[in-house]
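See structure below.
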Amino acid sequence: MRIDLTDTTSSRINAGLIDARRAIGTPAVGMVLTLVIVTDEGSAYDALKAASDASREHPSRILAVIKRPGRSPRDRAMARLDAEVLVGSDSGTGETVVLRMHGELANHAESVVLPLLLPDAPVVVWWPEESPGSPAEDPLGRLAQRRITDAAAAEDPVAALNERAAAYAPGDTDLAWTRITPWRSMLAAALDQKHTRIASATVEGEAYNPSTELLALWLADRLRISVERKVSEGPGITGVQLVTADGEIRLDRADGSLAELAMPGQPDRHVALKRRETSELIAEELRRLDPDDIYRSTVKFGVGRLTESGSQASEEPVEAVELITPAKPAKAAAAPAAKAPAKKAAPAKKAAAKGTGSS
């Protein structure tokens with residue numbers, strides 16, 4: 001069911017939601033959270049479709065905030081709210097309200113959104129495209145327990161990661177981090193099978209791909225090893241190589257769907273590692289709303305290390321960039337590992353496995 005409201009208010013929108021639920025025979029509210037999407041007209045359709053698909057797993061009230069401040073002084077001085085209320089088959093398993101804020105009202109979106117939040121339910125804010133420099137300080141971000149950005153949508157993804165690290169607050173996350181969850185799980189599982197000391201690593205992926213940078217930073221942070229970043233044709237991340245005392249562990253994905261895992265002393269095997277849709281990424285982020293400490297540790301680990309490679313990213317891609325070197329404690333840890341490699345392999349394996357359950 002669809003209800004169009006022109007030049008309306010938050011109270012009328014709430015009344016429209018109640019009328020729509022009664023009209024389709026579902027007066028009870030069965031949503032578990034409120035998802036606020038801050039977007040523009042160009043990205044609204046894709047974002048709403050992804051949120052609607054994710055609502056099959058997480059029934060939610062979706063509030064799409066589309067700001068239209070206006071170009072002329074007259075348009076900027078006015079204030080008008082238009083809304084579309086979608087309930088039932090038009091809105092997945094939840095409710096959708098598309099809010100178009102005109103003129104000065106676009107600068108006070110939180111005043112419109114606040115009365116529409118579900119009572120006693122978590123709030124998640126998602127910026128599919130352009131996001132504020134500090135999501136936690138944004139007026140809409142202050143309403144949320146979880147704030148989702150996407151560095152891949154930024155003009156300079158590496159600079160965006162630096163910005164995320166500098167402004168991090170508990171509850172922040174990024175879809176570039178969510179995209180590497182299957183890679184982290186697969187690498188942790190591989191290390192669980194092979195107990196050996198890891199000397200270094202190489203991560204290959206296309207240029208301007210923040211997920212590749214985050215995967216390299218995660219390996220360097222959790223294993224305290226030197227990681228080399230190589231630029232490939234893509235799509236996305238194409239391979240990871242771990243150099244160990246027993247040989248190389250390789251996880252290669254050339255086509256974006258099927259990967260090959262090679263380990264010393266074991267036959268090569270194919271594993272499913274497809275690139276996921278945005279709806280799957282959002283659904284994963286909505287499964288847990290507590291702060292992601294591993295994401296925080298990873299993105300802050302790379303603040304100083306990504307600055308140098310970020311300047312190169314704006315130029316033509318290079319074949320190999322030394323992205324990350326471990327902190328000084330890594331040298332101290334190397335000596336004991338050489339004396340007792342079997343005993344020191346477990347902490348490295350556990351450190352990698354610890355990071356996989358956090359997104």
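Lettering and numbering for the structure tokens are positional, with chains as A, B, ... in the shown order, residues counted from 1 in each chain, and ligands counted from 1 in the shown order.
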
Nearby residues (only C-alpha atoms) at most 12 Å from range 31-33 of chain A, same-chain spacing under 2 positions excluded, as number ranges by chain: A: 26, 28-29, 35-36, 55-63, 92-96, 116-125, 144-146, 286-289

Using only C-alpha atoms, what table do you get, as a Markdown table, when you list each residue of range 188-219 of chain A with an atom no more than 10 Å from range 261-281 of chain A, its nearest pair of atoms, and their distance in Å rounded to one decimal, rows by chain then rising number?
```
| residue | atom | partner | partner_atom | distance |
| --- | --- | --- | --- | --- |
| A:Ala190 | CA | A:Met263 | CA | 8.0 |
| A:Leu191 | CA | A:Met263 | CA | 9.7 |
| A:Gln193 | CA | A:Met263 | CA | 9.3 |
| A:Lys194 | CA | A:Met263 | CA | 8.1 |
```

Proximity to Leu251 in chain A - best of A:Ile237, A:Ile148, A:Ile3, A:Ala207, only C-alpha atoms: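 Distance minimum relative to Leu251 in chain A lands on A:Ile237.
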
Got a sec: who's within 10 Å of Val243 in chain A, counting only C-alpha atoms, leaving out chain neighbours fewer than 2 positions off, as a compact mmCIF listing (two decimals) with N, CA, C and O atoms, in the first residue's frame?
```txt
# COMPACT_ATOMS: atom_id res chain seq x y z
N THR A 196 51.87 -22.90 11.99
CA THR A 196 53.22 -22.53 11.61
C THR A 196 53.39 -21.04 11.78
O THR A 196 52.41 -20.29 11.82
N ARG A 197 54.64 -20.59 11.89
CA ARG A 197 54.90 -19.17 12.05
C ARG A 197 54.81 -18.47 10.71
O ARG A 197 55.34 -18.94 9.71
N ILE A 198 54.15 -17.31 10.69
CA ILE A 198 53.96 -16.54 9.46
C ILE A 198 55.00 -15.43 9.43
O ILE A 198 55.12 -14.66 10.38
N ALA A 199 55.73 -15.35 8.31
CA ALA A 199 56.81 -14.37 8.19
C ALA A 199 56.34 -13.08 7.56
O ALA A 199 56.70 -11.98 8.00
N SER A 200 55.55 -13.17 6.49
CA SER A 200 55.09 -11.96 5.79
C SER A 200 53.86 -12.33 4.97
O SER A 200 53.47 -13.49 4.89
N ALA A 201 53.26 -11.31 4.35
CA ALA A 201 52.05 -11.53 3.56
C ALA A 201 52.02 -10.55 2.40
O ALA A 201 52.66 -9.50 2.42
N THR A 202 51.24 -10.92 1.37
CA THR A 202 50.99 -10.06 0.22
C THR A 202 49.51 -10.07 -0.08
O THR A 202 48.88 -11.14 -0.09
N GLN A 241 48.61 -13.97 -0.13
CA GLN A 241 49.69 -14.94 0.02
C GLN A 241 50.33 -14.77 1.39
O GLN A 241 50.72 -13.67 1.76
N ALA A 245 57.01 -20.78 7.44
CA ALA A 245 58.22 -21.59 7.50
C ALA A 245 58.08 -22.87 6.68
O ALA A 245 59.08 -23.43 6.21
N ASP A 246 56.86 -23.36 6.48
CA ASP A 246 56.63 -24.59 5.74
C ASP A 246 56.31 -24.37 4.26
O ASP A 246 56.13 -25.33 3.51
N GLY A 247 56.19 -23.13 3.84
CA GLY A 247 55.81 -22.85 2.45
C GLY A 247 54.79 -21.73 2.39
O GLY A 247 54.56 -21.02 3.38
N GLU A 248 54.17 -21.58 1.25
CA GLU A 248 53.22 -20.49 1.03
C GLU A 248 51.77 -20.98 1.16
O GLU A 248 51.43 -22.06 0.68
N ILE A 249 50.96 -20.17 1.81
CA ILE A 249 49.51 -20.37 1.83
C ILE A 249 48.91 -19.32 0.91
O ILE A 249 49.11 -18.13 1.11
N ARG A 250 48.21 -19.76 -0.15
CA ARG A 250 47.67 -18.84 -1.14
C ARG A 250 46.15 -18.99 -1.23
O ARG A 250 45.62 -20.11 -1.22
```

Among listed residues A:Ala153, A:Met78, A:Leu242, A:Ala254, nearest Leu175 in chain A (using only C-alpha atoms): A:Ala153

Selected residue, from A:Asp40, A:Val87, A:Thr212, A:Phe301, that lies nearest to Arg21 in chain A when counting only C-alpha atoms: A:Val87

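By chain and then residue number, the residues within 8 Å of Gly236 in chain A are Gly205, Glu206, Asn209, Ser211, Thr212 and Gly256 of chain A, counting only C-alpha atoms and disregarding those fewer than 6 positions away in sequence.
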
Mind listing the alpha helix (DSSP H) residues of range 86-273 of chain A, per DSSP on the backbone, as a compact mmCIF listing (two decimals) with N, CA and C atoms, in the first residue's frame?
```txt
# COMPACT_ATOMS: atom_id res chain seq x y z
N ALA A 109 17.16 17.71 9.43
CA ALA A 109 16.52 16.43 9.16
C ALA A 109 16.21 15.66 10.44
N GLU A 110 17.04 15.84 11.48
CA GLU A 110 16.84 15.08 12.71
C GLU A 110 15.51 15.44 13.37
N SER A 111 15.03 16.67 13.19
CA SER A 111 13.76 17.07 13.80
C SER A 111 12.58 16.35 13.17
N VAL A 112 12.73 15.93 11.92
CA VAL A 112 11.67 15.17 11.23
C VAL A 112 11.78 13.69 11.55
N VAL A 113 13.01 13.19 11.62
CA VAL A 113 13.23 11.75 11.81
C VAL A 113 12.90 11.32 13.23
N PRO A 157 39.23 6.71 -1.77
CA PRO A 157 38.93 5.73 -0.71
C PRO A 157 39.97 5.66 0.40
N VAL A 158 41.25 5.81 0.04
CA VAL A 158 42.30 5.74 1.06
C VAL A 158 42.19 6.91 2.02
N ALA A 159 41.95 8.11 1.48
CA ALA A 159 41.75 9.27 2.35
C ALA A 159 40.50 9.09 3.21
N ALA A 160 39.48 8.43 2.65
CA ALA A 160 38.26 8.19 3.42
C ALA A 160 38.53 7.27 4.60
N LEU A 161 39.40 6.27 4.41
CA LEU A 161 39.74 5.38 5.52
C LEU A 161 40.48 6.15 6.62
N ASN A 162 41.38 7.04 6.22
CA ASN A 162 42.05 7.88 7.21
C ASN A 162 41.05 8.72 7.98
N GLU A 163 40.07 9.24 7.27
CA GLU A 163 39.03 10.06 7.91
C GLU A 163 38.21 9.23 8.88
N ARG A 164 37.88 7.99 8.50
CA ARG A 164 37.11 7.10 9.39
C ARG A 164 37.91 6.83 10.67
N ALA A 165 39.23 6.62 10.52
CA ALA A 165 40.05 6.32 11.68
C ALA A 165 40.13 7.51 12.63
N ALA A 166 40.31 8.71 12.07
CA ALA A 166 40.47 9.90 12.90
C ALA A 166 39.19 10.23 13.67
N LEU A 175 31.12 -0.43 5.01
CA LEU A 175 30.84 -1.58 4.16
C LEU A 175 32.11 -2.13 3.49
N ALA A 176 33.15 -1.30 3.37
CA ALA A 176 34.42 -1.81 2.86
C ALA A 176 34.98 -2.88 3.80
N TRP A 177 34.72 -2.73 5.08
CA TRP A 177 35.13 -3.73 6.09
C TRP A 177 34.23 -4.96 6.02
N THR A 178 32.94 -4.75 5.83
CA THR A 178 32.00 -5.87 5.76
C THR A 178 32.32 -6.77 4.57
N THR A 181 34.70 -9.86 5.19
CA THR A 181 34.39 -10.90 6.19
C THR A 181 34.65 -12.31 5.66
N PRO A 182 34.20 -12.68 4.44
CA PRO A 182 34.51 -14.03 3.95
C PRO A 182 36.01 -14.28 3.79
N TRP A 183 36.76 -13.27 3.38
CA TRP A 183 38.21 -13.43 3.26
C TRP A 183 38.84 -13.67 4.63
N ARG A 184 38.43 -12.92 5.61
CA ARG A 184 39.00 -13.09 6.96
C ARG A 184 38.63 -14.46 7.53
N SER A 185 37.40 -14.89 7.28
CA SER A 185 36.98 -16.20 7.78
C SER A 185 37.78 -17.32 7.11
N MET A 186 37.99 -17.21 5.79
CA MET A 186 38.71 -18.24 5.06
C MET A 186 40.18 -18.30 5.48
N LEU A 187 40.81 -17.14 5.66
CA LEU A 187 42.21 -17.12 6.07
C LEU A 187 42.37 -17.64 7.50
N ALA A 188 41.45 -17.29 8.38
CA ALA A 188 41.51 -17.80 9.76
C ALA A 188 41.35 -19.32 9.78
N ALA A 189 40.44 -19.84 8.93
CA ALA A 189 40.26 -21.29 8.86
C ALA A 189 41.50 -21.98 8.32
N ALA A 190 42.18 -21.34 7.35
CA ALA A 190 43.41 -21.92 6.81
C ALA A 190 44.50 -21.97 7.86
N LEU A 191 44.63 -20.91 8.66
CA LEU A 191 45.63 -20.90 9.72
C LEU A 191 45.28 -21.88 10.83
N ASP A 192 44.01 -22.17 10.97
CA ASP A 192 43.60 -23.14 11.97
C ASP A 192 44.04 -24.55 11.59
N GLN A 193 44.19 -24.79 10.29
CA GLN A 193 44.62 -26.11 9.82
C GLN A 193 46.15 -26.23 9.79
N PRO A 210 39.15 0.10 -1.14
CA PRO A 210 39.46 0.20 0.28
C PRO A 210 39.41 -1.14 1.01
N SER A 211 38.65 -2.10 0.49
CA SER A 211 38.60 -3.42 1.14
C SER A 211 39.96 -4.10 1.08
N THR A 212 40.68 -3.92 -0.03
CA THR A 212 42.02 -4.48 -0.15
C THR A 212 42.94 -3.89 0.91
N GLU A 213 42.86 -2.58 1.09
CA GLU A 213 43.69 -1.93 2.10
C GLU A 213 43.34 -2.43 3.50
N LEU A 214 42.06 -2.57 3.79
CA LEU A 214 41.64 -3.01 5.12
C LEU A 214 42.07 -4.45 5.39
N LEU A 215 42.02 -5.30 4.37
CA LEU A 215 42.46 -6.69 4.57
C LEU A 215 43.95 -6.73 4.88
N ALA A 216 44.74 -5.92 4.18
CA ALA A 216 46.17 -5.86 4.46
C ALA A 216 46.44 -5.32 5.86
N LEU A 217 45.71 -4.30 6.25
CA LEU A 217 45.88 -3.73 7.59
C LEU A 217 45.47 -4.73 8.66
N TRP A 218 44.40 -5.49 8.41
CA TRP A 218 43.94 -6.48 9.39
C TRP A 218 45.02 -7.54 9.61
N LEU A 219 45.63 -8.04 8.52
CA LEU A 219 46.69 -9.04 8.65
C LEU A 219 47.88 -8.49 9.42
N ALA A 220 48.28 -7.26 9.09
CA ALA A 220 49.42 -6.67 9.78
C ALA A 220 49.13 -6.42 11.25
N ASP A 221 47.91 -6.01 11.55
CA ASP A 221 47.54 -5.70 12.93
C ASP A 221 47.43 -6.96 13.77
N ARG A 222 46.77 -7.98 13.25
CA ARG A 222 46.52 -9.19 14.04
C ARG A 222 47.75 -10.09 14.13
N LEU A 223 48.55 -10.18 13.05
CA LEU A 223 49.68 -11.10 13.03
C LEU A 223 51.02 -10.42 13.30
```

Residues near Thr6 in chain A, cut-off 9 Å, only C-alpha atoms, skip fewer than 6 positions along chain, as a list in words: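 The filter keeps Arg80, Leu81, Asp82, Ala83 and Glu84 of chain A.
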
Gap from CA of Val240 in chain A to CA of Val203 in chain A - Å, one decimal: 4.6 Å

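Between CA of Lys67 in chain A and CA of Ala106 in chain A the separation is 5.1 Å.
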